[in-house]
$ cat work-v2.pdb   # PDB, C-alpha atoms
MODEL        1
ATOM      1  CA  MET A 263       2.166 -11.252 -19.862
ATOM      2  CA  ARG A 264      -0.855 -13.241 -20.991
ATOM      3  CA  PRO A 265      -4.216 -11.456 -21.198
ATOM      4  CA  ALA A 266      -5.565 -13.851 -18.563
ATOM      5  CA  SER A 267      -2.946 -12.523 -16.142
ATOM      6  CA  TYR A 268      -4.437  -9.038 -16.440
ATOM      7  CA  VAL A 269      -7.831 -10.493 -15.536
ATOM      8  CA  ALA A 270      -6.252 -12.227 -12.510
ATOM      9  CA  LEU A 271      -4.643  -8.936 -11.441
ATOM     10  CA  LEU A 272      -7.916  -7.031 -11.847
ATOM     11  CA  LEU A 273      -9.861  -9.603  -9.801
ATOM     12  CA  GLY A 274      -7.070  -9.906  -7.218
ATOM     13  CA  GLY A 275      -6.933  -6.112  -7.025
ATOM     14  CA  MET A 276     -10.708  -6.029  -6.454
ATOM     15  CA  LEU A 277     -10.414  -8.418  -3.496
ATOM     16  CA  PHE A 278      -7.505  -6.294  -2.220
ATOM     17  CA  GLY A 279      -9.577  -3.090  -2.463
ATOM     18  CA  PHE A 280     -12.628  -4.809  -0.931
ATOM     19  CA  GLY A 281     -10.452  -5.805   2.043
ATOM     20  CA  LEU A 282      -8.981  -2.315   2.388
ATOM     21  CA  ALA A 283     -12.500  -0.858   2.498
ATOM     22  CA  TRP A 284     -13.912  -3.549   4.845
ATOM     23  CA  SER A 285     -11.022  -3.133   7.291
ATOM     24  CA  GLY A 286     -11.442   0.646   7.320
ATOM     25  CA  MET A 287      -7.877   1.242   6.133
ATOM     26  CA  VAL A 288      -9.230   3.601   3.434
ATOM     27  CA  LYS A 289     -10.270   5.945   6.263
ATOM     28  CA  PRO A 290      -7.364   8.115   7.444
ATOM     29  CA  GLU A 291      -9.148   8.566  10.801
ATOM     30  CA  ILE A 292      -8.857   4.839  11.575
ATOM     31  CA  VAL A 293      -5.152   4.720  10.676
ATOM     32  CA  LEU A 294      -4.468   7.861  12.725
ATOM     33  CA  SER A 295      -6.395   6.416  15.698
ATOM     34  CA  PHE A 296      -3.964   3.491  15.622
ATOM     35  CA  LEU A 297      -0.928   5.777  15.431
ATOM     36  CA  ARG A 298      -2.318   7.662  18.468
ATOM     37  CA  PHE A 299      -2.907   4.418  20.419
ATOM     38  CA  GLU A 300      -6.690   4.808  20.465
ATOM     39  CA  ASP A 301      -7.589   1.709  18.402
ATOM     40  CA  PHE A 302      -5.164  -1.124  17.717
ATOM     41  CA  GLY A 303      -7.197  -2.601  14.853
ATOM     42  CA  LEU A 304      -4.527  -1.820  12.252
ATOM     43  CA  LEU A 305      -2.269  -4.389  13.883
ATOM     44  CA  LEU A 306      -4.982  -7.031  13.377
ATOM     45  CA  VAL A 307      -5.254  -6.106   9.686
ATOM     46  CA  LEU A 308      -1.485  -6.295   9.221
ATOM     47  CA  ALA A 309      -1.225  -9.575  11.153
ATOM     48  CA  SER A 310      -4.097 -11.350   9.377
ATOM     49  CA  ALA A 311      -2.971 -10.164   5.913
ATOM     50  CA  THR A 312       0.685 -11.032   6.525
ATOM     51  CA  GLY A 313      -0.203 -14.349   8.203
ATOM     52  CA  THR A 314      -2.347 -15.445   5.250
ATOM     53  CA  THR A 315       0.335 -14.389   2.765
ATOM     54  CA  PHE A 316       3.092 -16.093   4.774
ATOM     55  CA  PHE A 317       1.546 -19.519   4.183
ATOM     56  CA  THR A 318       1.046 -18.895   0.459
ATOM     57  CA  TYR A 319       4.580 -17.635  -0.125
ATOM     58  CA  ARG A 320       6.047 -20.512   1.880
ATOM     59  CA  PHE A 321       4.058 -23.489   0.645
ATOM     60  CA  LEU A 322       2.625 -22.600  -2.759
ATOM     61  CA  PRO A 323       5.949 -22.813  -4.667
ATOM     62  CA  LYS A 324       6.319 -26.333  -3.209
ATOM     63  CA  LEU A 325       2.862 -27.385  -4.432
ATOM     64  CA  LEU A 326       3.007 -25.722  -7.849
ATOM     65  CA  LYS A 327       6.096 -25.788 -10.064
ATOM     66  CA  LYS A 328       5.099 -22.417 -11.503
ATOM     67  CA  PRO A 329       2.261 -19.892 -11.276
ATOM     68  CA  VAL A 330      -0.942 -20.950 -13.044
ATOM     69  CA  LEU A 331      -0.565 -18.369 -15.832
ATOM     70  CA  GLU A 332       3.084 -17.269 -15.898
ATOM     71  CA  PRO A 333       6.487 -19.015 -16.076
ATOM     72  CA  SER A 334       7.982 -18.206 -12.646
ATOM     73  CA  PHE A 335       7.367 -16.989  -9.101
ATOM     74  CA  GLY A 336       8.797 -13.551  -8.275
ATOM     75  CA  ALA A 337      10.133 -12.129  -5.021
ATOM     76  CA  HIS A 338      10.173  -8.798  -3.207
ATOM     77  CA  HIS A 339      13.516  -7.240  -4.229
ATOM     78  CA  GLN A 340      15.467  -5.189  -1.715
ATOM     79  CA  GLY A 341      17.647  -2.203  -2.591
ATOM     80  CA  PRO A 342      20.600  -0.959  -0.502
ATOM     81  CA  LEU A 343      19.751  -1.210   3.224
ATOM     82  CA  GLY A 344      20.551   2.469   3.876
ATOM     83  CA  ASN A 345      17.961   3.570   1.319
ATOM     84  CA  THR A 346      15.431   1.076   2.668
ATOM     85  CA  ILE A 347      15.709   2.546   6.173
ATOM     86  CA  LYS A 348      15.989   6.230   5.190
ATOM     87  CA  GLY A 349      13.074   5.857   2.786
ATOM     88  CA  ALA A 350      11.002   4.030   5.413
ATOM     89  CA  ALA A 351      11.640   6.837   7.932
ATOM     90  CA  LEU A 352      10.365   9.391   5.396
ATOM     91  CA  PHE A 353       7.463   7.159   4.374
ATOM     92  CA  GLY A 354       6.369   6.997   8.034
ATOM     93  CA  ILE A 355       6.410  10.800   8.357
ATOM     94  CA  GLY A 356       4.166  11.061   5.309
ATOM     95  CA  TRP A 357       1.887   8.268   6.496
ATOM     96  CA  GLY A 358       1.563   9.850   9.941
ATOM     97  CA  LEU A 359       0.670  13.195   8.334
ATOM     98  CA  CYS A 360      -2.072  11.978   6.001
ATOM     99  CA  GLY A 361      -3.226   8.642   7.439
ATOM    100  CA  VAL A 362      -3.217   6.773   4.129
ATOM    101  CA  CYS A 363      -0.529   4.698   2.457
ATOM    102  CA  PRO A 364      -0.411   4.096  -1.328
ATOM    103  CA  GLY A 365      -2.946   1.207  -1.528
ATOM    104  CA  PRO A 366      -5.704   2.827   0.562
ATOM    105  CA  ALA A 367      -5.160   6.231  -1.107
ATOM    106  CA  ILE A 368      -6.035   4.615  -4.447
ATOM    107  CA  ALA A 369      -8.763   2.264  -3.169
ATOM    108  CA  GLY A 370     -10.404   4.963  -1.051
ATOM    109  CA  LEU A 371     -11.390   6.862  -4.203
ATOM    110  CA  GLY A 372     -13.794   3.981  -4.882
ATOM    111  CA  THR A 373     -15.670   4.730  -1.654
ATOM    112  CA  GLY A 374     -16.285   8.322  -2.660
ATOM    113  CA  ASN A 375     -13.654   9.598  -0.228
ATOM    114  CA  TRP A 376     -12.783  12.365  -2.686
ATOM    115  CA  PRO A 377     -10.279  14.364  -0.559
ATOM    116  CA  LEU A 378      -7.912  11.396  -0.973
ATOM    117  CA  ILE A 379      -7.233  12.777  -4.456
ATOM    118  CA  PHE A 380      -4.909  15.228  -2.663
ATOM    119  CA  SER A 381      -2.898  12.276  -1.357
ATOM    120  CA  VAL A 382      -2.838  10.584  -4.761
ATOM    121  CA  ILE A 383      -1.508  13.816  -6.326
ATOM    122  CA  GLY A 384       1.053  14.046  -3.509
ATOM    123  CA  LEU A 385       2.105  10.416  -4.010
ATOM    124  CA  PHE A 386       2.619  10.968  -7.759
ATOM    125  CA  ALA A 387       4.637  14.137  -7.062
ATOM    126  CA  GLY A 388       6.720  12.350  -4.411
ATOM    127  CA  ALA A 389       7.400   9.367  -6.682
ATOM    128  CA  TRP A 390       8.416  11.790  -9.464
ATOM    129  CA  ALA A 391      10.725  13.714  -7.101
ATOM    130  CA  GLN A 392      12.365  10.443  -6.070
ATOM    131  CA  GLY A 393      12.990   9.523  -9.716
ATOM    132  CA  TRP A 394      14.395  12.995 -10.434
ATOM    133  CA  TRP A 395      16.602  12.801  -7.334
ATOM    134  CA  ALA A 396      17.830   9.307  -8.229
ATOM    135  CA  SER A 397      18.668  10.483 -11.788
ATOM    136  CA  ARG A 398      20.694  13.413 -10.436
ATOM    137  CA  SER A 399      22.646  11.407  -7.881
ATOM    138  CA  ALA A 400      23.444   8.758 -10.509
ATOM    139  CA  HIS A 401      25.317  11.271 -12.713
TER     140      HIS A 401
ATOM    141  CA  MET B 201     -10.419  -5.551  24.940
ATOM    142  CA  ASP B 202     -13.027  -2.814  24.428
ATOM    143  CA  SER B 203     -10.450  -0.141  25.163
ATOM    144  CA  LEU B 204      -7.945  -1.621  22.711
ATOM    145  CA  PHE B 205     -10.556  -2.111  19.952
ATOM    146  CA  PRO B 206     -13.440   0.371  20.462
ATOM    147  CA  LEU B 207     -14.922  -0.497  17.049
ATOM    148  CA  GLY B 208     -14.648  -4.281  17.565
ATOM    149  CA  VAL B 209     -12.230  -6.657  15.890
ATOM    150  CA  PHE B 210     -14.264  -8.504  13.235
ATOM    151  CA  GLN B 211     -13.904  -6.067  10.324
ATOM    152  CA  TYR B 212     -10.159  -5.755  10.921
ATOM    153  CA  ILE B 213      -9.528  -9.499  10.795
ATOM    154  CA  ALA B 214     -11.973 -10.161   7.934
ATOM    155  CA  GLY B 215     -10.606  -7.277   5.848
ATOM    156  CA  GLY B 216      -7.032  -8.328   6.565
ATOM    157  CA  ILE B 217      -7.755 -11.895   5.435
ATOM    158  CA  CYS B 218      -9.271 -10.529   2.194
ATOM    159  CA  ILE B 219      -6.076  -8.540   1.598
ATOM    160  CA  GLY B 220      -3.917 -11.604   2.338
ATOM    161  CA  LEU B 221      -6.029 -13.807   0.049
ATOM    162  CA  ALA B 222      -5.808 -11.178  -2.702
ATOM    163  CA  VAL B 223      -2.006 -11.043  -2.487
ATOM    164  CA  SER B 224      -1.986 -14.864  -2.403
ATOM    165  CA  LEU B 225      -4.234 -15.282  -5.456
ATOM    166  CA  ILE B 226      -2.175 -12.783  -7.456
ATOM    167  CA  PHE B 227       0.951 -14.754  -6.527
ATOM    168  CA  MET B 228      -0.666 -18.090  -7.343
ATOM    169  CA  PHE B 229      -1.890 -17.062 -10.806
ATOM    170  CA  THR B 230       0.829 -14.651 -11.944
ATOM    171  CA  GLY B 231       3.810 -15.135  -9.586
ATOM    172  CA  ILE B 232       3.773 -11.386  -8.949
ATOM    173  CA  VAL B 233       4.703 -10.093  -5.500
ATOM    174  CA  ALA B 234       2.446  -7.078  -5.424
ATOM    175  CA  GLY B 235       3.423  -3.827  -3.726
ATOM    176  CA  MET B 236       1.378  -0.721  -4.446
ATOM    177  CA  SER B 237       3.823   2.198  -4.311
ATOM    178  CA  SER B 238       5.539   1.147  -7.574
ATOM    179  CA  PHE B 239       2.284   1.956  -9.380
ATOM    180  CA  PHE B 240       3.073   5.669  -9.038
ATOM    181  CA  SER B 241       6.536   5.374 -10.612
ATOM    182  CA  SER B 242       5.407   3.032 -13.388
ATOM    183  CA  THR B 243       2.432   5.250 -14.280
ATOM    184  CA  LEU B 244       4.780   8.268 -14.493
ATOM    185  CA  SER B 245       6.629   6.425 -17.274
ATOM    186  CA  TRP B 246       3.705   7.355 -19.578
ATOM    187  CA  PHE B 247       4.235  11.070 -18.871
ATOM    188  CA  SER B 248       7.853  11.720 -17.873
ATOM    189  CA  LYS B 249      10.819  11.749 -20.243
ATOM    190  CA  LEU B 250      13.290  11.355 -17.373
ATOM    191  CA  PRO B 251      15.548   8.373 -18.132
ATOM    192  CA  PHE B 252      14.755   6.991 -14.659
ATOM    193  CA  PHE B 253      11.101   6.464 -15.567
ATOM    194  CA  GLN B 254      11.952   5.015 -18.979
ATOM    195  CA  GLU B 255      13.752   2.038 -17.406
ATOM    196  CA  ALA B 256      12.327  -1.358 -18.307
ATOM    197  CA  ARG B 257      11.246  -2.062 -14.711
ATOM    198  CA  TRP B 258       8.653   0.729 -15.033
ATOM    199  CA  VAL B 259       7.751   0.616 -18.729
ATOM    200  CA  SER B 260       7.309  -3.169 -18.831
ATOM    201  CA  THR B 261       5.184  -3.291 -15.674
ATOM    202  CA  ARG B 262       3.040  -0.169 -16.025
ATOM    203  CA  GLY B 263       0.157  -1.962 -17.734
ATOM    204  CA  TRP B 264      -0.390  -4.576 -15.062
ATOM    205  CA  ARG B 265       0.304  -2.162 -12.212
ATOM    206  CA  ALA B 266      -2.419   0.170 -13.539
ATOM    207  CA  THR B 267      -4.746  -2.835 -13.911
ATOM    208  CA  LEU B 268      -4.123  -3.771 -10.277
ATOM    209  CA  ALA B 269      -4.802  -0.189  -9.166
ATOM    210  CA  ALA B 270      -8.063  -0.142 -11.142
ATOM    211  CA  GLY B 271      -9.017  -3.355  -9.332
ATOM    212  CA  LEU B 272      -8.399  -1.677  -5.971
ATOM    213  CA  ILE B 273     -10.809   1.160  -6.803
ATOM    214  CA  LEU B 274     -13.470  -1.233  -8.157
ATOM    215  CA  GLY B 275     -13.208  -3.560  -5.146
ATOM    216  CA  ALA B 276     -13.515  -0.708  -2.658
ATOM    217  CA  ALA B 277     -16.488   0.638  -4.654
ATOM    218  CA  LEU B 278     -18.086  -2.831  -4.504
ATOM    219  CA  PHE B 279     -17.838  -2.775  -0.710
ATOM    220  CA  TYR B 280     -19.120   0.799  -0.595
ATOM    221  CA  PHE B 281     -22.220   0.094  -2.673
ATOM    222  CA  GLY B 282     -22.848  -3.326  -1.114
ATOM    223  CA  PHE B 283     -22.235  -2.683   2.571
ATOM    224  CA  GLY B 284     -20.978   0.840   3.182
ATOM    225  CA  GLY B 285     -24.120   2.951   2.957
ATOM    226  CA  GLN B 286     -24.495   3.828   6.641
ATOM    227  CA  GLN B 287     -20.928   5.009   7.180
ATOM    228  CA  ASN B 288     -19.329   8.385   6.620
ATOM    229  CA  TRP B 289     -16.486   7.791   4.158
ATOM    230  CA  VAL B 290     -15.297  11.348   3.459
ATOM    231  CA  THR B 291     -12.270  12.180   5.578
ATOM    232  CA  GLN B 292     -12.041  15.259   7.775
ATOM    233  CA  VAL B 293      -8.227  15.288   7.587
ATOM    234  CA  THR B 294      -7.040  18.639   6.207
ATOM    235  CA  TRP B 295      -6.145  18.904   2.524
ATOM    236  CA  TRP B 296      -2.615  20.093   3.253
ATOM    237  CA  GLN B 297      -1.941  17.035   5.442
ATOM    238  CA  LEU B 298      -3.206  14.739   2.664
ATOM    239  CA  LEU B 299      -1.118  16.511   0.023
ATOM    240  CA  ILE B 300       2.156  16.953   1.948
ATOM    241  CA  GLY B 301       1.820  13.539   3.580
ATOM    242  CA  GLY B 302       1.319  11.975   0.162
ATOM    243  CA  PHE B 303       4.392  13.746  -1.212
ATOM    244  CA  ILE B 304       6.739  12.757   1.639
ATOM    245  CA  GLY B 305       5.246   9.251   1.766
ATOM    246  CA  GLY B 306       5.563   8.813  -1.999
ATOM    247  CA  PHE B 307       9.184   9.923  -2.032
ATOM    248  CA  GLY B 308      10.005   7.756   0.994
ATOM    249  CA  ALA B 309       8.247   4.629  -0.237
ATOM    250  CA  ARG B 310      10.070   4.738  -3.573
ATOM    251  CA  LEU B 311      13.439   5.428  -1.915
ATOM    252  CA  SER B 312      12.747   2.564   0.474
ATOM    253  CA  GLY B 313      11.592   0.191  -2.273
ATOM    254  CA  GLY B 314       8.253  -0.529  -0.651
ATOM    255  CA  CYS B 315       5.402   0.678   1.535
ATOM    256  CA  THR B 316       2.942  -0.993   3.887
ATOM    257  CA  SER B 317       2.081  -3.592   1.213
ATOM    258  CA  GLY B 318       5.549  -4.236  -0.272
ATOM    259  CA  HIS B 319       7.552  -4.241   2.953
ATOM    260  CA  GLY B 320       4.711  -4.699   5.432
ATOM    261  CA  ILE B 321       2.797  -7.600   3.899
ATOM    262  CA  CYS B 322       4.942  -9.111   1.111
ATOM    263  CA  GLY B 323       8.387  -8.502   2.639
ATOM    264  CA  MET B 324       7.488  -9.653   6.136
ATOM    265  CA  ALA B 325       5.507 -12.646   4.833
ATOM    266  CA  SER B 326       8.659 -13.809   3.043
ATOM    267  CA  LEU B 327      10.672 -13.221   6.249
ATOM    268  CA  GLN B 328      12.961 -10.538   4.792
ATOM    269  CA  LEU B 329      14.814  -8.769   7.594
ATOM    270  CA  PRO B 330      15.255  -5.434   5.714
ATOM    271  CA  SER B 331      11.461  -5.309   5.366
ATOM    272  CA  LEU B 332      10.994  -5.921   9.102
ATOM    273  CA  ALA B 333      13.485  -3.114   9.779
ATOM    274  CA  ALA B 334      11.583  -0.874   7.344
ATOM    275  CA  VAL B 335       8.250  -1.613   9.063
ATOM    276  CA  LEU B 336       9.644  -0.867  12.545
ATOM    277  CA  THR B 337      11.188   2.359  11.202
ATOM    278  CA  PHE B 338       8.062   3.686   9.477
ATOM    279  CA  MET B 339       5.806   2.700  12.399
ATOM    280  CA  THR B 340       8.062   4.735  14.715
ATOM    281  CA  THR B 341       8.222   7.873  12.565
ATOM    282  CA  ALA B 342       4.481   7.599  11.754
ATOM    283  CA  ILE B 343       3.546   7.403  15.461
ATOM    284  CA  LEU B 344       5.758  10.414  16.255
ATOM    285  CA  THR B 345       4.354  12.449  13.348
ATOM    286  CA  ALA B 346       0.684  11.618  13.995
ATOM    287  CA  ASN B 347       1.026  12.644  17.640
ATOM    288  CA  LEU B 348       2.986  15.828  16.920
ATOM    289  CA  ILE B 349       0.719  17.047  14.107
ATOM    290  CA  VAL B 350      -2.278  17.585  16.406
ATOM    291  CA  ASN B 351      -0.237  20.294  18.149
ATOM    292  CA  VAL B 352       0.136  22.387  14.984
ATOM    293  CA  GLY B 353      -3.463  22.459  13.819
ATOM    294  CA  GLY B 354      -3.589  19.028  12.167
ATOM    295  CA  LYS B 355      -6.430  16.548  12.528
TER     296      LYS B 355
ENDMDL
END
$ encode --input "work-v2.pdb" --output "structure tokens"
Amino acid sequence: MRPASYVALLLGGMLFGFGLAWSGMVKPEIVLSFLRFEDFGLLLVLASATGTTFFTYRFLPKLLKKPVLEPSFGAHHQGPLGNTIKGAALFGIGWGLCGVCPGPAIAGLGTGNWPLIFSVIGLFAGAWAQGWWASRSAH
Amino acid sequence: MDSLFPLGVFQYIAGGICIGLAVSLIFMFTGIVAGMSSFFSSTLSWFSKLPFFQEARWVSTRGWRATLAAGLILGAALFYFGFGGQQNWVTQVTWWQLLIGGFIGGFGARLSGGCTSGHGICGMASLQLPSLAAVLTFMTTAILTANLIVNVGGK
């Protein structure tokens, strides 16, 4: 990748983190209040983020032959459907326990929400366990 | 409306649009469809000798995934120092919930091939049905868990 692409990712990541902080998604309490039907704001975050992205993913590849800095547009790759669903069920249990998903767990550290380091450690351990488990079941 | 959104709606919509624009700009400049949970696997490729983590999909993407994650922290810090002074940012959720929830969520997201950003935003925005199924599944188990946990001493 070109050096300029790293700059684009850093700046894009900053806007991403700014939005996660502004929307309150870096606060587990706000996510948990959605999951307990006390505040439906999370649905507005998901809808406005997905809605904005929908238009870019749909129309940008028609306007530009290729990304500004790189040779081709990528896509979100899906694995086997069974794993997608089983993994999502587990992911939801974890999310409902701690109130942060991977993006906010990382971004939240920037707001001084230091206990989120426990979730970041947990996420690393869980990702490692998944790699170990996948290695075992492959042999 | 007040009972559905006791804290108002503006920050949710504005923050969500920022997130959508961020994903859009990353796609426009680099073509990358950015999910966040892969960052944990790709970063482990620096530390783990397991063949799984030495696959090209992790080793060749770990640099930009770490750059993106650094951006997330900086951007949230920018909001915190610019606009966040009056709020309480430190969570009261118990440490064991954060740790165990992170572990189960990390395992699940990587088994599923995406989390709230990969499946939720990127997958649904590109109208992928497996991602929609994933979102409905994790919303259901998350709602059940969050409501059950208060009965066993959770926050």
$ residues_around --input "work-v2.pdb" --residues "region 346-348 of chain A" --least-positions-apart "5" --cutoff "10 Å" --atoms "all atoms listed in the file" --output "PDB file with C-alpha atoms, keeping the file's coordinate frame"
ATOM      1  CA  GLN A 340      15.467  -5.189  -1.715  1.00  0.00           C
ATOM      2  CA  GLY A 341      17.647  -2.203  -2.591  1.00  0.00           C
ATOM      3  CA  PHE A 353       7.463   7.159   4.374  1.00  0.00           C
TER       4      PHE A 353
ATOM      5  CA  GLY B 308      10.005   7.756   0.994  1.00  0.00           C
ATOM      6  CA  ALA B 309       8.247   4.629  -0.237  1.00  0.00           C
ATOM      7  CA  ARG B 310      10.070   4.738  -3.573  1.00  0.00           C
ATOM      8  CA  LEU B 311      13.439   5.428  -1.915  1.00  0.00           C
ATOM      9  CA  SER B 312      12.747   2.564   0.474  1.00  0.00           C
ATOM     10  CA  GLY B 313      11.592   0.191  -2.273  1.00  0.00           C
ATOM     11  CA  GLY B 314       8.253  -0.529  -0.651  1.00  0.00           C
ATOM     12  CA  HIS B 319       7.552  -4.241   2.953  1.00  0.00           C
ATOM     13  CA  PRO B 330      15.255  -5.434   5.714  1.00  0.00           C
ATOM     14  CA  SER B 331      11.461  -5.309   5.366  1.00  0.00           C
ATOM     15  CA  ALA B 333      13.485  -3.114   9.779  1.00  0.00           C
ATOM     16  CA  ALA B 334      11.583  -0.874   7.344  1.00  0.00           C
ATOM     17  CA  VAL B 335       8.250  -1.613   9.063  1.00  0.00           C
ATOM     18  CA  LEU B 336       9.644  -0.867  12.545  1.00  0.00           C
ATOM     19  CA  THR B 337      11.188   2.359  11.202  1.00  0.00           C
ATOM     20  CA  PHE B 338       8.062   3.686   9.477  1.00  0.00           C
TER      21      PHE B 338
END
$ atom_distance --input "work-v2.pdb" --atom1 "CA of Cys363 (chain A)" --atom2 "CA of Ala311 (chain A)"
15.5 Å
$ residues_around --input "work-v2.pdb" --residues "Pro251 (chain B)" --least-positions-apart "5" --cutoff "12 Å" --atoms "all atoms listed in the file" --output "list in words"
Trp390, Gly393, Trp394, Trp395, Ala396, Ser397, Arg398, Ala400 and His401 of chain A; Leu244, Ser245, Trp246, Ala256, Arg257, Trp258 and Val259 of chain B
$ closest_residue --input "work-v2.pdb" --among "A:Ala266, A:Cys360, A:Leu305, A:Met287" --to "chain B" --atoms "all atoms listed in the file"
A:Cys360
$ residues_around --input "work-v2.pdb" --residues "Val382 (chain A)" --least-positions-apart "6" --cutoff "7 Å" --atoms "all atoms listed in the file" --output "number ranges by chain"
A: 367-368; B: 302
$ resolve_selection --input "work-v2.pdb" --expression "the PyMOL selection byres ((chain B and resi 348-355) around 8)" --output "PyMOL selection string"
(chain A and resi 359) or (chain B and resi 292-294+297+344-347)
$ resolve_selection --input "work-v2.pdb" --expression "the PyMOL selection byres ((chain A and resi 288-297) around 10)" --output "PDB file with C-alpha atoms, in the frame of the given file"
ATOM      1  CA  GLY A 279      -9.577  -3.090  -2.463  1.00  0.00           C
ATOM      2  CA  GLY A 281     -10.452  -5.805   2.043  1.00  0.00           C
ATOM      3  CA  LEU A 282      -8.981  -2.315   2.388  1.00  0.00           C
ATOM      4  CA  ALA A 283     -12.500  -0.858   2.498  1.00  0.00           C
ATOM      5  CA  TRP A 284     -13.912  -3.549   4.845  1.00  0.00           C
ATOM      6  CA  SER A 285     -11.022  -3.133   7.291  1.00  0.00           C
ATOM      7  CA  GLY A 286     -11.442   0.646   7.320  1.00  0.00           C
ATOM      8  CA  MET A 287      -7.877   1.242   6.133  1.00  0.00           C
ATOM      9  CA  ARG A 298      -2.318   7.662  18.468  1.00  0.00           C
ATOM     10  CA  PHE A 299      -2.907   4.418  20.419  1.00  0.00           C
ATOM     11  CA  GLU A 300      -6.690   4.808  20.465  1.00  0.00           C
ATOM     12  CA  ASP A 301      -7.589   1.709  18.402  1.00  0.00           C
ATOM     13  CA  PHE A 302      -5.164  -1.124  17.717  1.00  0.00           C
ATOM     14  CA  GLY A 303      -7.197  -2.601  14.853  1.00  0.00           C
ATOM     15  CA  LEU A 304      -4.527  -1.820  12.252  1.00  0.00           C
ATOM     16  CA  LEU A 305      -2.269  -4.389  13.883  1.00  0.00           C
ATOM     17  CA  TRP A 357       1.887   8.268   6.496  1.00  0.00           C
ATOM     18  CA  GLY A 358       1.563   9.850   9.941  1.00  0.00           C
ATOM     19  CA  LEU A 359       0.670  13.195   8.334  1.00  0.00           C
ATOM     20  CA  CYS A 360      -2.072  11.978   6.001  1.00  0.00           C
ATOM     21  CA  GLY A 361      -3.226   8.642   7.439  1.00  0.00           C
ATOM     22  CA  VAL A 362      -3.217   6.773   4.129  1.00  0.00           C
ATOM     23  CA  CYS A 363      -0.529   4.698   2.457  1.00  0.00           C
ATOM     24  CA  GLY A 365      -2.946   1.207  -1.528  1.00  0.00           C
ATOM     25  CA  PRO A 366      -5.704   2.827   0.562  1.00  0.00           C
ATOM     26  CA  ALA A 367      -5.160   6.231  -1.107  1.00  0.00           C
ATOM     27  CA  ILE A 368      -6.035   4.615  -4.447  1.00  0.00           C
ATOM     28  CA  ALA A 369      -8.763   2.264  -3.169  1.00  0.00           C
ATOM     29  CA  GLY A 370     -10.404   4.963  -1.051  1.00  0.00           C
ATOM     30  CA  LEU A 371     -11.390   6.862  -4.203  1.00  0.00           C
ATOM     31  CA  GLY A 372     -13.794   3.981  -4.882  1.00  0.00           C
ATOM     32  CA  THR A 373     -15.670   4.730  -1.654  1.00  0.00           C
ATOM     33  CA  ASN A 375     -13.654   9.598  -0.228  1.00  0.00           C
ATOM     34  CA  LEU A 378      -7.912  11.396  -0.973  1.00  0.00           C
TER      35      LEU A 378
ATOM     36  CA  LEU B 204      -7.945  -1.621  22.711  1.00  0.00           C
ATOM     37  CA  PHE B 205     -10.556  -2.111  19.952  1.00  0.00           C
ATOM     38  CA  LEU B 207     -14.922  -0.497  17.049  1.00  0.00           C
ATOM     39  CA  ALA B 276     -13.515  -0.708  -2.658  1.00  0.00           C
ATOM     40  CA  ASN B 288     -19.329   8.385   6.620  1.00  0.00           C
ATOM     41  CA  TRP B 289     -16.486   7.791   4.158  1.00  0.00           C
ATOM     42  CA  VAL B 290     -15.297  11.348   3.459  1.00  0.00           C
ATOM     43  CA  THR B 291     -12.270  12.180   5.578  1.00  0.00           C
ATOM     44  CA  GLN B 292     -12.041  15.259   7.775  1.00  0.00           C
ATOM     45  CA  VAL B 293      -8.227  15.288   7.587  1.00  0.00           C
ATOM     46  CA  LEU B 298      -3.206  14.739   2.664  1.00  0.00           C
ATOM     47  CA  MET B 339       5.806   2.700  12.399  1.00  0.00           C
ATOM     48  CA  THR B 340       8.062   4.735  14.715  1.00  0.00           C
ATOM     49  CA  THR B 341       8.222   7.873  12.565  1.00  0.00           C
ATOM     50  CA  ALA B 342       4.481   7.599  11.754  1.00  0.00           C
ATOM     51  CA  ILE B 343       3.546   7.403  15.461  1.00  0.00           C
ATOM     52  CA  LEU B 344       5.758  10.414  16.255  1.00  0.00           C
ATOM     53  CA  THR B 345       4.354  12.449  13.348  1.00  0.00           C
ATOM     54  CA  ALA B 346       0.684  11.618  13.995  1.00  0.00           C
ATOM     55  CA  ASN B 347       1.026  12.644  17.640  1.00  0.00           C
ATOM     56  CA  LYS B 355      -6.430  16.548  12.528  1.00  0.00           C
TER      57      LYS B 355
END
$ axis_aligned_box --input "work-v2.pdb" --around "region 211-225 of chain B" --padding-each-side "8 Å" --output "lines of an AutoDock Vina configuration file"
center_x = -7.9
center_y = -10.5
center_z = 2.7
size_x = 27.9
size_y = 25.5
size_z = 32.4
$ atom_distance --input "work-v2.pdb" --atom1 "CA of Ile383 (chain A)" --atom2 "CA of Asn345 (chain A)"
23.3 Å
$ resolve_selection --input "work-v2.pdb" --expression "the PyMOL selection byres ((chain A and resi 275) around 8)" --output "list in words"
Leu271, Leu272, Leu273, Gly274, Met276, Leu277, Phe278 and Gly279 of chain A; Ala222, Thr267, Leu268, Ala269, Ala270, Gly271, Leu272 and Gly275 of chain B
$ residues_around --input "work-v2.pdb" --residues "Leu331 (chain A)" --least-positions-apart "4" --cutoff "10 Å" --atoms "all atoms listed in the file" --output "PDB file with C-alpha atoms, in the coordinates of the input"
ATOM      1  CA  MET A 263       2.166 -11.252 -19.862  1.00  0.00           C
ATOM      2  CA  ARG A 264      -0.855 -13.241 -20.991  1.00  0.00           C
ATOM      3  CA  PRO A 265      -4.216 -11.456 -21.198  1.00  0.00           C
ATOM      4  CA  ALA A 266      -5.565 -13.851 -18.563  1.00  0.00           C
ATOM      5  CA  SER A 267      -2.946 -12.523 -16.142  1.00  0.00           C
ATOM      6  CA  ALA A 270      -6.252 -12.227 -12.510  1.00  0.00           C
TER       7      ALA A 270
ATOM      8  CA  MET B 228      -0.666 -18.090  -7.343  1.00  0.00           C
ATOM      9  CA  PHE B 229      -1.890 -17.062 -10.806  1.00  0.00           C
ATOM     10  CA  THR B 230       0.829 -14.651 -11.944  1.00  0.00           C
ATOM     11  CA  GLY B 231       3.810 -15.135  -9.586  1.00  0.00           C
TER      12      GLY B 231
END
